[in-house]
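Printed here is final17.txt (compact mmCIF, C-alpha atoms):
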```txt
# COMPACT_ATOMS: atom_id res chain seq x y z
CA MET N 18 32.66 29.89 4.52
CA SER N 19 35.45 30.56 2.07
CA GLU N 20 36.68 27.22 0.79
CA THR N 21 40.03 27.13 -0.93
CA PRO N 22 40.81 24.11 -3.12
CA ASP N 23 43.38 22.72 -0.68
CA ASP N 24 41.36 23.12 2.51
CA PHE N 25 39.88 19.64 2.33
CA ASP N 26 42.13 18.03 -0.22
CA ASP N 27 43.40 15.25 2.04
CA LEU N 28 39.93 14.62 3.37
CA LYS N 29 38.62 14.24 -0.17
CA ARG N 30 41.40 11.77 -0.93
CA LEU N 31 40.54 9.84 2.20
CA LEU N 32 36.86 9.82 1.27
CA LYS N 33 37.84 8.11 -1.99
CA LEU N 34 38.32 5.01 0.13
CA LYS N 35 34.52 4.79 0.39
CA GLN N 36 34.33 4.27 -3.36
CA HIS N 37 36.33 1.05 -2.99
CA GLU N 38 33.80 -0.53 -0.63
CA VAL N 39 31.87 -3.16 -2.54
CA PRO N 40 29.03 -5.48 -1.51
CA PRO N 41 29.47 -9.29 -1.64
CA PRO N 42 30.12 -10.74 -5.11
CA GLY N 43 26.96 -11.30 -7.15
CA TYR N 44 24.90 -9.00 -4.95
CA PHE N 45 23.79 -6.76 -7.81
CA ASN N 46 22.91 -9.76 -9.96
CA ARG N 47 20.28 -10.75 -7.41
CA LEU N 48 19.02 -7.35 -6.25
CA ALA N 49 16.74 -6.51 -9.19
CA GLY N 50 15.21 -9.99 -9.10
CA ASP N 51 14.60 -9.70 -5.35
CA VAL N 52 12.91 -6.31 -5.79
CA VAL N 53 10.65 -7.54 -8.59
CA SER N 54 9.78 -10.70 -6.62
CA ARG N 55 8.84 -8.64 -3.58
CA ILE N 56 6.67 -6.34 -5.69
CA GLN N 57 4.86 -9.30 -7.25
CA ALA N 58 4.51 -11.03 -3.87
CA GLY N 59 3.10 -7.81 -2.42
CA GLU N 60 0.53 -7.55 -5.20
CA SER N 61 -0.64 -11.13 -4.80
CA GLY N 62 -0.46 -10.67 -1.00
CA GLY N 63 -2.97 -7.82 -1.30
CA ARG N 64 -5.39 -10.05 -3.17
CA ARG N 65 -4.90 -12.85 -0.65
CA SER N 66 -5.58 -10.60 2.30
CA LEU N 67 -8.94 -9.59 0.78
CA LEU N 68 -9.93 -13.23 0.42
CA GLU N 69 -8.73 -13.93 3.94
CA ARG N 70 -10.84 -11.06 5.24
CA ILE N 71 -13.93 -12.47 3.50
CA ASP N 72 -13.09 -15.89 4.87
CA THR N 73 -12.94 -14.52 8.40
CA GLN N 74 -16.03 -12.33 8.28
CA TRP N 75 -18.29 -14.25 5.90
CA PRO N 76 -17.14 -17.88 5.84
CA ARG N 77 -20.20 -19.06 3.87
CA LEU N 78 -19.61 -16.43 1.21
CA ALA N 79 -15.97 -17.46 1.04
CA ALA N 80 -17.00 -21.12 0.64
CA LEU N 81 -19.41 -20.12 -2.14
CA LEU N 82 -16.67 -18.11 -3.86
CA ARG N 83 -14.38 -21.13 -3.69
CA ILE N 84 -17.03 -23.31 -5.29
CA PHE N 85 -17.48 -20.74 -8.05
CA GLU N 86 -13.74 -20.52 -8.46
CA ALA N 87 -13.54 -24.29 -8.93
CA LYS N 88 -16.61 -24.50 -11.23
CA PRO N 89 -17.11 -21.25 -13.15
CA GLY N 90 -20.10 -22.77 -15.02
CA LEU N 91 -22.06 -22.64 -11.79
CA ILE N 92 -22.05 -18.84 -11.90
CA GLY N 93 -23.91 -18.93 -15.23
CA GLY N 94 -26.38 -21.51 -13.90
CA LEU N 95 -27.05 -19.49 -10.77
CA ALA N 96 -27.50 -16.29 -12.75
CA THR N 97 -29.99 -18.04 -15.10
CA SER N 98 -31.94 -19.47 -12.15
CA LEU N 99 -32.14 -16.05 -10.53
CA CYS N 100 -33.46 -14.53 -13.77
CA VAL N 101 -36.14 -17.26 -14.09
CA LEU N 102 -37.19 -16.77 -10.47
CA LEU N 103 -37.41 -13.02 -10.99
CA LEU N 104 -39.58 -13.43 -14.09
CA ALA N 105 -41.85 -15.92 -12.28
CA ALA N 106 -42.26 -13.53 -9.38
CA VAL N 107 -43.16 -10.68 -11.73
CA ALA N 108 -45.75 -12.87 -13.49
CA LEU N 109 -47.32 -13.95 -10.19
CA VAL N 110 -47.60 -10.39 -8.92
CA ASP N 111 -49.20 -9.37 -12.22
CA ARG N 112 -51.82 -12.11 -11.94
CA ALA N 113 -52.60 -11.26 -8.31
CA ASP N 114 -53.13 -7.62 -9.29
CA GLN N 115 -55.68 -8.62 -11.93
CA ALA N 116 -57.61 -10.71 -9.40
CA THR N 117 -57.92 -7.86 -6.90
CA ASP N 118 -58.86 -5.17 -9.41
CA SER N 119 -62.66 -5.25 -8.40
CA PRO N 120 -62.88 -6.44 -4.81
CA LEU N 121 -66.66 -5.84 -4.45
CA ALA N 122 -67.40 -8.22 -7.31
CA ALA N 123 -65.38 -10.85 -5.64
CA LEU N 124 -67.08 -10.39 -2.27
CA PRO N 125 -68.46 -13.67 -0.99
CA THR N 126 -71.87 -13.70 0.70
CA ALA N 127 -72.29 -14.45 4.36
CA GLN N 128 -73.49 -17.93 3.48
CA GLY N 129 -70.48 -18.33 1.32
CA VAL N 130 -68.21 -18.07 4.28
CA SER N 131 -67.93 -21.62 5.28
CA ALA N 132 -65.46 -23.62 7.20
CA GLY N 133 -63.99 -24.97 4.02
CA GLN N 134 -63.42 -21.56 2.47
CA ASP N 135 -60.04 -20.04 2.36
CA LEU N 136 -59.39 -18.49 5.75
CA ALA N 137 -57.48 -15.54 4.40
CA SER N 138 -60.22 -14.39 2.03
CA ALA N 139 -62.83 -14.87 4.77
CA VAL N 140 -60.94 -12.67 7.19
CA GLN N 141 -60.38 -10.01 4.57
CA LEU N 142 -63.74 -9.92 2.86
CA ALA N 143 -66.50 -11.20 5.16
CA PRO N 144 -69.30 -8.57 5.70
CA ALA N 145 -71.17 -7.95 8.91
CA ASP N 146 -73.08 -11.01 10.02
CA ASP N 147 -76.45 -11.10 11.74
CA SER N 148 -75.02 -9.92 15.01
CA GLY N 149 -73.63 -6.77 13.40
CA ILE N 150 -70.02 -7.67 14.01
CA THR N 151 -67.70 -6.47 11.32
CA VAL N 152 -64.88 -8.88 10.85
CA SER N 153 -63.44 -7.53 7.71
CA THR N 154 -60.50 -5.21 7.40
CA ASN N 155 -61.69 -4.29 3.94
CA PRO N 156 -62.56 -0.58 4.00
CA VAL N 157 -65.73 -1.24 1.94
CA SER N 158 -67.12 -3.95 4.11
CA SER N 159 -66.05 -2.28 7.33
CA LEU N 160 -68.59 0.45 6.61
CA GLN N 161 -71.34 -2.02 7.54
CA PRO N 162 -73.27 -0.95 10.70
CA ALA N 163 -72.18 -2.46 13.92
CA ALA N 164 -74.27 -2.32 17.09
CA THR N 165 -71.48 -2.52 19.56
CA LEU N 166 -67.95 -3.55 19.56
CA PHE N 167 -68.94 -7.09 20.57
CA GLY N 168 -72.30 -7.19 18.79
CA SER N 169 -75.82 -6.72 20.27
CA PRO N 170 -76.76 -8.17 23.67
CA GLU N 171 -79.40 -10.33 21.99
CA SER N 172 -76.82 -11.99 19.87
CA PRO N 173 -76.42 -15.72 20.40
CA LEU N 174 -72.72 -14.97 20.85
CA PHE N 175 -73.62 -13.72 24.34
CA GLN N 176 -74.55 -16.36 26.88
CA PRO N 177 -75.38 -15.64 30.54
CA ALA N 178 -72.69 -16.69 32.90
CA ALA N 179 -73.67 -19.09 35.64
CA PHE N 180 -71.51 -19.73 38.63
CA THR N 181 -72.34 -22.20 41.30
CA PRO N 182 -69.90 -22.48 44.20
CA ALA N 183 -68.69 -25.97 44.91
CA GLY N 184 -70.61 -27.85 47.62
CA GLN N 185 -73.99 -26.16 47.01
CA MET D 16 -3.16 11.75 -15.21
CA SER D 17 -0.45 13.00 -17.53
CA GLU D 18 2.28 10.68 -18.66
CA PRO D 19 5.75 11.60 -17.41
CA THR D 20 7.94 13.26 -19.94
CA ALA D 21 11.43 12.06 -20.62
CA VAL D 22 13.61 14.52 -18.73
CA PRO D 23 17.14 14.32 -20.12
CA ASP D 24 19.36 12.71 -17.53
CA GLN D 25 23.07 13.08 -18.00
CA ASN D 26 23.64 10.32 -15.44
CA ALA D 27 21.38 7.81 -17.16
CA PRO D 28 23.15 5.00 -18.96
CA SER D 29 22.62 4.77 -22.70
CA GLY D 30 20.07 2.40 -24.20
CA THR D 31 16.30 2.61 -23.86
CA LEU D 32 15.12 6.08 -22.88
CA GLU D 33 14.37 6.47 -19.20
CA GLY D 34 10.97 8.07 -19.91
CA ASP D 35 9.96 5.14 -22.07
CA LEU D 36 10.91 2.66 -19.35
CA VAL D 37 8.99 4.69 -16.77
CA ARG D 38 5.87 4.79 -18.98
CA ARG D 39 6.02 1.04 -19.52
CA ALA D 40 6.60 0.40 -15.81
CA ARG D 41 3.58 2.55 -14.99
CA ARG D 42 1.50 0.29 -17.20
CA GLY D 43 2.64 -2.63 -15.05
CA GLU D 44 5.41 -4.02 -17.27
CA MET D 45 7.72 -5.60 -14.74
CA ALA D 46 10.45 -6.11 -17.33
CA ALA D 47 10.67 -2.34 -17.76
CA TYR D 48 10.85 -1.76 -14.03
CA ASP D 49 13.45 -4.51 -13.71
CA GLU D 50 15.53 -2.58 -16.24
CA LEU D 51 15.13 0.64 -14.22
CA VAL D 52 16.22 -1.15 -11.03
CA ARG D 53 19.30 -2.58 -12.77
CA ARG D 54 20.11 0.85 -14.11
CA TYR D 55 20.18 2.61 -10.75
CA GLN D 56 20.68 -0.14 -8.14
CA GLU D 57 24.42 0.44 -7.67
CA ARG D 58 24.11 4.16 -7.06
CA ILE D 59 21.10 3.84 -4.80
CA TYR D 60 22.68 1.03 -2.80
CA ALA D 61 25.98 2.91 -2.48
CA THR D 62 24.29 6.08 -1.23
CA ILE D 63 22.29 4.20 1.37
CA TYR D 64 25.26 2.06 2.39
CA HIS D 65 27.52 5.09 2.89
CA MET D 66 24.82 6.71 5.04
CA THR D 67 24.19 3.62 7.20
CA ALA D 68 27.60 1.90 7.15
CA ASN D 69 25.71 -1.37 7.34
CA HIS D 70 25.27 -3.77 4.43
CA GLU D 71 22.12 -5.49 5.73
CA ASP D 72 20.36 -2.20 6.43
CA ALA D 73 21.45 -0.86 3.06
CA ASN D 74 20.12 -3.96 1.34
CA ASP D 75 16.72 -3.68 3.06
CA LEU D 76 16.44 0.06 2.46
CA THR D 77 17.48 -0.26 -1.18
CA GLN D 78 14.82 -2.87 -1.85
CA GLU D 79 12.20 -0.89 0.05
CA SER D 80 13.10 2.28 -1.85
CA PHE D 81 12.61 0.56 -5.20
CA ILE D 82 9.36 -1.03 -4.01
CA LYS D 83 8.07 2.32 -2.76
CA ALA D 84 9.08 3.97 -6.02
CA TYR D 85 7.16 1.34 -7.96
CA SER D 86 4.02 1.81 -5.89
CA ALA D 87 4.31 5.60 -6.23
CA LEU D 88 5.07 5.57 -9.97
CA LYS D 89 1.59 6.86 -10.76
CA SER D 90 2.31 9.99 -8.73
CA PHE D 91 5.56 10.64 -10.61
CA LYS D 92 4.76 13.68 -12.73
CA GLY D 93 8.05 13.82 -14.59
CA GLY D 94 8.98 17.28 -13.28
CA SER D 95 12.43 15.95 -12.45
CA SER D 96 14.28 12.96 -13.82
CA PHE D 97 13.27 9.55 -12.55
CA TYR D 98 16.79 9.23 -11.20
CA THR D 99 16.45 12.36 -9.02
CA TRP D 100 12.99 11.32 -7.88
CA LEU D 101 14.26 7.84 -6.97
CA TYR D 102 17.22 9.33 -5.11
CA ARG D 103 14.83 11.52 -3.11
CA ILE D 104 12.80 8.48 -2.06
CA ALA D 105 15.93 6.56 -1.05
CA VAL D 106 17.47 9.45 0.87
CA ASN D 107 14.26 10.28 2.74
CA LYS D 108 13.71 6.64 3.60
CA THR D 109 17.26 6.32 4.89
CA ILE D 110 17.09 9.51 6.95
CA ASN D 111 13.83 8.36 8.56
CA PHE D 112 15.41 5.00 9.32
CA LEU D 113 18.48 6.61 10.87
CA LYS D 114 16.37 8.97 12.99
CA GLN D 115 14.47 6.01 14.40
CA ARG D 116 17.72 4.22 15.21
CA ARG D 117 19.58 7.23 16.52
CA ASN D 118 22.74 6.28 18.49
CA LYS D 119 22.23 2.59 17.72
CA HIS D 120 24.70 2.27 14.91
CA HIS D 121 26.20 -1.08 14.16
CA LEU D 122 28.86 -1.13 11.50
CA SER D 123 28.68 -3.94 8.96
CA LEU D 124 31.14 -2.80 6.37
CA ASP D 125 31.53 -4.04 2.84
CA ASP D 126 34.92 -5.33 1.78
CA LEU D 127 37.38 -3.10 0.02
CA ASP D 128 38.02 -4.02 -3.55
CA PHE D 129 41.42 -5.00 -4.90
CA ASN D 130 42.04 -1.57 -6.40
CA ALA D 131 41.95 0.18 -3.02
CA GLU D 132 45.53 -0.63 -2.11
CA HIS D 133 46.69 0.54 -5.52
CA ASP D 134 44.82 3.82 -5.52
CA PRO D 135 47.56 6.50 -5.78
CA ASP D 136 45.65 8.97 -3.61
CA LEU D 137 45.23 6.44 -0.83
CA VAL D 138 48.76 5.15 -1.18
CA SER D 139 50.21 8.61 -0.84
CA LEU D 140 47.97 9.25 2.13
CA ILE D 141 49.01 6.28 4.20
CA SER D 142 52.38 5.14 2.90
CA GLU D 143 54.29 7.24 5.41
CA LYS D 144 52.36 5.84 8.36
CA THR D 145 52.95 2.12 8.07
CA PRO D 146 54.38 -0.55 5.78
CA HIS D 147 51.35 -2.81 6.52
CA ARG D 148 49.20 -1.03 3.99
CA GLU D 149 46.34 -3.54 3.77
CA VAL D 150 45.80 -3.70 7.51
CA ASN D 151 45.82 0.03 7.74
CA LEU D 152 43.36 0.41 4.92
CA SER D 153 40.88 -1.68 6.87
CA GLU D 154 41.54 0.35 9.98
CA LEU D 155 41.21 3.54 8.02
CA GLN D 156 37.94 2.31 6.54
CA LYS D 157 36.57 1.69 10.03
CA LYS D 158 37.68 5.08 11.35
CA LEU D 159 36.28 6.85 8.31
CA ASN D 160 32.89 5.18 8.69
CA GLU D 161 32.80 5.90 12.41
CA ALA D 162 33.56 9.54 11.72
CA LEU D 163 30.80 9.73 9.11
CA MET D 164 28.33 8.24 11.55
CA LYS D 165 29.10 11.04 14.00
CA LEU D 166 27.69 13.59 11.55
CA SER D 167 24.03 14.52 11.61
CA GLU D 168 21.88 12.79 8.95
CA SER D 169 21.53 15.96 6.87
CA HIS D 170 25.29 16.69 6.89
CA ARG D 171 26.18 13.07 6.18
CA THR D 172 23.75 13.01 3.26
CA VAL D 173 25.39 16.00 1.62
CA VAL D 174 28.96 14.83 2.07
CA VAL D 175 28.12 11.31 0.87
CA LEU D 176 26.26 12.55 -2.20
CA HIS D 177 28.92 15.09 -3.17
CA ASP D 178 32.30 13.81 -2.03
CA VAL D 179 31.66 10.08 -2.35
CA GLN D 180 29.02 9.81 -5.07
CA GLY D 181 30.01 12.84 -7.09
CA VAL D 182 26.51 14.33 -7.29
CA SER D 183 26.46 18.03 -8.20
CA HIS D 184 25.26 20.77 -5.83
CA ASP D 185 22.20 21.42 -8.03
CA GLU D 186 21.16 17.80 -7.98
CA ILE D 187 21.72 17.50 -4.24
CA ALA D 188 19.48 20.54 -3.74
CA ALA D 189 16.77 18.85 -5.83
CA ILE D 190 17.16 15.53 -4.02
CA VAL D 191 17.26 16.94 -0.49
CA GLY D 192 14.72 19.68 -1.19
CA CYS D 193 16.69 22.77 -0.19
CA ASN D 194 18.55 25.55 -2.00
CA ILE D 195 22.12 25.35 -3.26
CA GLY D 196 23.38 27.74 -0.57
CA THR D 197 22.20 25.36 2.12
CA VAL D 198 23.89 22.46 0.33
CA ARG D 199 27.20 24.33 0.21
CA SER D 200 27.03 25.41 3.82
CA ARG D 201 26.17 21.89 4.99
CA LEU D 202 29.01 20.48 2.93
CA PHE D 203 31.49 22.92 4.39
CA TYR D 204 30.41 22.21 7.95
CA ALA D 205 30.41 18.43 7.39
CA ARG D 206 33.95 18.52 5.97
CA GLN D 207 35.16 20.59 8.91
CA GLN D 208 33.67 18.11 11.32
CA LEU D 209 35.16 15.14 9.49
CA GLN D 210 38.57 16.76 9.33
CA GLY D 211 38.49 17.17 13.09
CA TYR D 212 37.42 13.56 13.71
CA LEU D 213 40.07 12.18 11.32
CA ALA D 214 42.94 14.52 12.22
CA ASP D 215 45.22 11.58 13.05
CA TYR D 216 44.81 10.14 9.57
CA ILE D 217 45.08 13.28 7.48
CA LYS D 218 48.30 15.08 6.82
CA THR D 219 47.63 18.69 7.69
```

For the file at hand, write its structure as structure tokens.
Amino acid sequence: MSETPDDFDDLKRLLKLKQHEVPPPGYFNRLAGDVVSRIQAGESGGRRSLLERIDTQWPRLAALLRIFEAKPGLIGGLATSLCVLLLAAVALVDRADQATDSPLAALPTAQGVSAGQDLASAVQLAPADDSGITVSTNPVSSLQPAATLFGSPESPLFQPAAFTPAGQ
Amino acid sequence: MSEPTAVPDQNAPSGTLEGDLVRRARRGEMAAYDELVRRYQERIYATIYHMTANHEDANDLTQESFIKAYSALKSFKGGSSFYTWLYRIAVNKTINFLKQRRNKHHLSLDDLDFNAEHDPDLVSLISEKTPHREVNLSELQKKLNEALMKLSESHRTVVVLHDVQGVSHDEIAAIVGCNIGTVRSRLFYARQQLQGYLADYIKT
């Protein structure tokens, strides 16, 4: 691989022709601008594709985002409403906890269970009635004695069945 | 991530320091990156053009190289000059492109400038062949590009960088990612090949 200076002298002179090849006039005036434009278009294209993906997968969310984009004040209003709702929910839960602190004191009597009473509290808190049926899911009241699963046979809940075939 | 240091670049034009422009471009200042593109666009375009012999491909690859360099700026550690790093991106991109389009070369040559027919080296080379110098320059340009396209991508890269662009062996080694010995051996082989292809046009 011994290269003497004259080995490729003519070839090097011929290769100088390549240095005289020039792109169309004004090409380099536009190139930098084109590159920067493509970079900026690519950056905004990335943001657009994210929005497009949301639009495709969650169209309602995209519509909501567009509303917020048009009216930024709505975001503040929505955030305030959510905070108020959260506080109200916390207050309600607090009050409900206070009411259920002593369940035995709040137990209604058997007579108290009337048709007009709240159905939910009746189901939860009613003690065993005369027939011995326990209808409450409350662990305290469910300790009441029960004769059978369906009450005692003497209970008025049981009525003898009578069947008379047709034509007799 | 550490900021890139300003590696002295003997090829960099004077004016704002390259490292300063790179730092500003990394922060997203497009004006700084625009300045970097303007600084190196001619050399990057020329390298890619001489490797592809096609203006449209060279234009696309030049733009893509600068775009890729911008997106990868954060990974630029400053171990080499920005210019060498940019060259590496452009050369790798071009070699990948040429490998994908192997044997599907379509020449789309740039025009020769006015000075070509007055270049003493070229005049002395062709004056004995024909009095129609301009016509023969165009023909010579075509034959030269065809011969270059017959070389492998790695050999063409070395001969274009050294004999056409004037890049030193050291820099070529850094750009291509091999040692100087390999650069020299590839250059020698590429010149031998070219001399054979262009024997009719070279006085030997």

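Using only C-alpha atoms, the residues found no farther than 10 Å from Arg117 (chain D), other than those of its own chain fewer than 4 positions away, are Asn111, Phe112, Leu113, Ser167 and Glu168 of chain D.
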
Output as a PDB file with C-alpha atoms, in the coordinates of the input the set of chain D residues within 6 Å of chain N, with distances taken over only C-alpha atoms.
```pdb
ATOM      1  CA  ASP D  49      13.450  -4.510 -13.710  1.00  0.00           C
ATOM      2  CA  VAL D  52      16.220  -1.150 -11.030  1.00  0.00           C
ATOM      3  CA  ARG D  53      19.300  -2.580 -12.770  1.00  0.00           C
ATOM      4  CA  GLN D  78      14.820  -2.870  -1.850  1.00  0.00           C
ATOM      5  CA  ASP D 125      31.530  -4.040   2.840  1.00  0.00           C
ATOM      6  CA  ASP D 126      34.920  -5.330   1.780  1.00  0.00           C
ATOM      7  CA  LEU D 127      37.380  -3.100   0.020  1.00  0.00           C
ATOM      8  CA  ASP D 128      38.020  -4.020  -3.550  1.00  0.00           C
ATOM      9  CA  ALA D 131      41.950   0.180  -3.020  1.00  0.00           C
ATOM     10  CA  ASP D 136      45.650   8.970  -3.610  1.00  0.00           C
TER      11      ASP D 136
END
```

Atom-to-atom span, CA of Leu78 (chain N) and CA of Ala106 (chain N), Å: 25.2 Å

At what distance in Å, to one decimal, does CA of Lys83 (chain D) lie from CA of Arg38 (chain D)?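 That distance, rounded to one decimal, is 16.6 Å.
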
What is the distance between CA of Ala84 (chain D) and CA of Leu101 (chain D), in Å to one decimal?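 Computed distance, CA of Ala84 (chain D) to CA of Leu101 (chain D), equals 6.5 Å.
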